[in-house]
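See below for upload-v3.pdb, which holds PDB, N, CA and C atoms.
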```
ATOM      1  N   MET Q   1     169.218  48.666  93.739
ATOM      2  CA  MET Q   1     169.121  50.062  93.373
ATOM      3  C   MET Q   1     168.435  50.225  92.018
ATOM      4  N   GLU Q   2     168.765  49.381  91.059
ATOM      5  CA  GLU Q   2     168.167  49.505  89.729
ATOM      6  C   GLU Q   2     166.665  49.243  89.769
ATOM      7  N   PHE Q   3     166.252  48.258  90.572
ATOM      8  CA  PHE Q   3     164.828  47.950  90.674
ATOM      9  C   PHE Q   3     164.075  49.121  91.296
ATOM     10  N   ALA Q   4     164.657  49.750  92.305
ATOM     11  CA  ALA Q   4     164.031  50.908  92.941
ATOM     12  C   ALA Q   4     163.879  52.050  91.938
ATOM     13  N   THR Q   5     164.865  52.234  91.092
ATOM     14  CA  THR Q   5     164.789  53.275  90.071
ATOM     15  C   THR Q   5     163.669  52.970  89.087
ATOM     16  N   LEU Q   6     163.564  51.727  88.655
ATOM     17  CA  LEU Q   6     162.494  51.344  87.729
ATOM     18  C   LEU Q   6     161.116  51.518  88.354
ATOM     19  N   GLU Q   7     160.990  51.188  89.628
ATOM     20  CA  GLU Q   7     159.712  51.386  90.315
ATOM     21  C   GLU Q   7     159.346  52.866  90.351
ATOM     22  N   TYR Q   8     160.336  53.711  90.622
ATOM     23  CA  TYR Q   8     160.081  55.149  90.676
ATOM     24  C   TYR Q   8     159.663  55.676  89.305
ATOM     25  N   VAL Q   9     160.351  55.279  88.269
ATOM     26  CA  VAL Q   9     160.013  55.743  86.918
ATOM     27  C   VAL Q   9     158.604  55.294  86.543
ATOM     28  N   ASP Q  10     158.246  54.059  86.893
ATOM     29  CA  ASP Q  10     156.891  53.569  86.616
ATOM     30  C   ASP Q  10     155.861  54.408  87.359
ATOM     31  N   TRP Q  11     156.104  54.668  88.629
ATOM     32  CA  TRP Q  11     155.184  55.487  89.410
ATOM     33  C   TRP Q  11     155.078  56.891  88.808
ATOM     34  N   PHE Q  12     156.216  57.494  88.482
ATOM     35  CA  PHE Q  12     156.256  58.856  87.972
ATOM     36  C   PHE Q  12     155.478  58.991  86.672
ATOM     37  N   ASN Q  13     155.579  57.996  85.795
ATOM     38  CA  ASN Q  13     154.938  58.079  84.481
ATOM     39  C   ASN Q  13     153.510  57.555  84.448
ATOM     40  N   HIS Q  14     153.151  56.640  85.336
ATOM     41  CA  HIS Q  14     151.861  55.970  85.198
ATOM     42  C   HIS Q  14     150.906  56.121  86.366
ATOM     43  N   ARG Q  15     151.389  56.459  87.558
ATOM     44  CA  ARG Q  15     150.474  56.462  88.703
ATOM     45  C   ARG Q  15     150.374  57.775  89.448
ATOM     46  N   ARG Q  16     151.385  58.637  89.366
ATOM     47  CA  ARG Q  16     151.302  59.880  90.140
ATOM     48  C   ARG Q  16     150.228  60.775  89.548
ATOM     49  N   LEU Q  17     149.565  61.526  90.392
ATOM     50  CA  LEU Q  17     148.545  62.454  89.932
ATOM     51  C   LEU Q  17     149.187  63.812  89.720
ATOM     52  N   HIS Q  18     148.861  64.421  88.604
ATOM     53  CA  HIS Q  18     149.467  65.687  88.233
ATOM     54  C   HIS Q  18     148.391  66.762  88.184
ATOM     55  N   THR Q  19     148.590  67.860  88.907
ATOM     56  CA  THR Q  19     147.569  68.905  88.959
ATOM     57  C   THR Q  19     147.359  69.591  87.615
ATOM     58  N   GLU Q  20     148.398  69.731  86.801
ATOM     59  CA  GLU Q  20     148.257  70.370  85.494
ATOM     60  C   GLU Q  20     147.412  69.535  84.535
ATOM     61  N   PHE Q  21     147.267  68.250  84.820
ATOM     62  CA  PHE Q  21     146.506  67.348  83.945
ATOM     63  C   PHE Q  21     145.165  66.978  84.564
ATOM     64  N   GLY Q  22     144.651  67.796  85.471
ATOM     65  CA  GLY Q  22     143.360  67.524  86.079
ATOM     66  C   GLY Q  22     143.412  66.347  87.033
ATOM     67  N   MET Q  23     144.496  66.238  87.790
ATOM     68  CA  MET Q  23     144.687  65.161  88.771
ATOM     69  C   MET Q  23     144.642  63.781  88.113
ATOM     70  N   ARG Q  24     145.269  63.683  86.951
ATOM     71  CA  ARG Q  24     145.386  62.412  86.238
ATOM     72  C   ARG Q  24     146.853  62.087  86.043
ATOM     73  N   PRO Q  25     147.180  60.814  85.905
ATOM     74  CA  PRO Q  25     148.576  60.437  85.636
ATOM     75  C   PRO Q  25     149.009  60.944  84.254
ATOM     76  N   PRO Q  26     150.274  61.270  84.083
ATOM     77  CA  PRO Q  26     150.764  61.756  82.791
ATOM     78  C   PRO Q  26     150.495  60.782  81.636
ATOM     79  N   ALA Q  27     150.640  59.488  81.860
ATOM     80  CA  ALA Q  27     150.426  58.515  80.784
ATOM     81  C   ALA Q  27     148.969  58.531  80.317
ATOM     82  N   GLU Q  28     148.046  58.667  81.241
ATOM     83  CA  GLU Q  28     146.627  58.721  80.879
ATOM     84  C   GLU Q  28     146.322  59.992  80.102
ATOM     85  N   PHE Q  29     146.865  61.107  80.540
ATOM     86  CA  PHE Q  29     146.664  62.383  79.851
ATOM     87  C   PHE Q  29     147.230  62.343  78.443
ATOM     88  N   GLU Q  30     148.440  61.814  78.303
ATOM     89  CA  GLU Q  30     149.098  61.754  77.000
ATOM     90  C   GLU Q  30     148.374  60.820  76.035
ATOM     91  N   ALA Q  31     147.778  59.754  76.544
ATOM     92  CA  ALA Q  31     147.083  58.785  75.695
ATOM     93  C   ALA Q  31     145.872  59.403  75.004
ATOM     94  N   GLU Q  32     145.334  60.477  75.548
ATOM     95  CA  GLU Q  32     144.158  61.121  74.953
ATOM     96  C   GLU Q  32     144.502  61.967  73.730
ATOM     97  N   TYR Q  33     145.758  62.314  73.569
ATOM     98  CA  TYR Q  33     146.150  63.204  72.492
ATOM     99  C   TYR Q  33     147.016  62.471  71.479
ATOM    100  N   PRO Q  34     146.699  62.616  70.194
ATOM    101  CA  PRO Q  34     147.535  61.960  69.184
ATOM    102  C   PRO Q  34     148.920  62.593  69.162
ATOM    103  N   HIS Q  35     149.895  61.764  68.929
ATOM    104  CA  HIS Q  35     151.262  62.261  68.853
ATOM    105  C   HIS Q  35     151.457  63.001  67.544
ATOM    106  N   GLN Q  36     152.061  64.147  67.630
ATOM    107  CA  GLN Q  36     152.360  64.928  66.436
ATOM    108  C   GLN Q  36     153.790  64.632  66.028
ATOM    109  N   GLU Q  37     153.968  64.443  64.737
ATOM    110  CA  GLU Q  37     155.329  64.233  64.251
ATOM    111  C   GLU Q  37     156.052  65.561  64.277
ATOM    112  N   GLN Q  38     157.256  65.535  64.799
ATOM    113  CA  GLN Q  38     158.035  66.748  64.878
ATOM    114  C   GLN Q  38     158.768  66.968  63.573
ATOM    115  N   ALA Q  39     158.884  68.220  63.176
ATOM    116  CA  ALA Q  39     159.628  68.567  61.972
ATOM    117  C   ALA Q  39     161.100  68.253  62.239
ATOM    118  N   PRO Q  40     161.814  67.768  61.229
ATOM    119  CA  PRO Q  40     163.232  67.499  61.426
ATOM    120  C   PRO Q  40     163.985  68.774  61.763
ATOM    121  N   MET Q  41     164.965  68.654  62.615
ATOM    122  CA  MET Q  41     165.760  69.828  62.999
ATOM    123  C   MET Q  41     166.738  70.153  61.873
ATOM    124  N   ALA Q  42     166.964  71.438  61.705
ATOM    125  CA  ALA Q  42     167.923  71.875  60.691
ATOM    126  C   ALA Q  42     169.325  71.490  61.132
ATOM    127  N   ALA Q  43     170.129  71.107  60.188
ATOM    128  CA  ALA Q  43     171.519  70.738  60.503
ATOM    129  C   ALA Q  43     172.277  71.994  60.910
ATOM    130  N   SER Q  44     173.059  71.875  61.950
ATOM    131  CA  SER Q  44     173.857  73.033  62.373
ATOM    132  C   SER Q  44     175.088  73.144  61.503
ATOM    133  N   ARG Q  45     175.542  74.329  61.342
ATOM    134  CA  ARG Q  45     176.694  74.574  60.472
ATOM    135  C   ARG Q  45     177.947  74.662  61.247
TER     136      ARG Q  45
END
```
This entry written out as structure tokens:
Amino acid sequence: MEFATLEYVDWFNHRRLHTEFGMRPPAEFEAEYPHQEQAPMAASR
């Protein structure tokens, strides 16, 4: 079961084609854009 889950996650992130990304895998689309550092979240009171 764990191996099947890992295979699915790999497919989902690296091989599936996504219409919002011009029929490209999410990993390929994300690699084209530099990662932006997120501002730290304010501490809740």
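Take atom N of Q:Tyr33 and atom CA of Q:Arg16: the distance between them is 17.6 Å.
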Adding 5 Å on each side of the box along x, y and z that holds all listed atoms of stretch 15-24 of chain Q, could you give its centre and edge lengths in Å to one decimal, as AutoDock Vina command-line options?
```
--center_x 147.4 --center_y 63.4 --center_z 87.2 --size_x 18.0 --size_y 23.9 --size_z 16.4
```
Just give me the gap between atom C of Q:Arg15 and atom CA of Q:Phe29 in Å, one decimal is fine.
11.3 Å
What gap, in Å, lies between atom N of Q:His14 and atom N of Q:Pro26?
5.6 Å
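Near Q:Glu28, within 12 Å and counting only C-alpha atoms, sit Phe12, Asn13, His14, Arg15, Arg16, Leu17, His18, Phe21, Gly22, Met23, Arg24, Pro25, Pro26, Glu30, Ala31, Glu32 and Tyr33 of chain Q; same-chain residues fewer than 2 positions away were not included.
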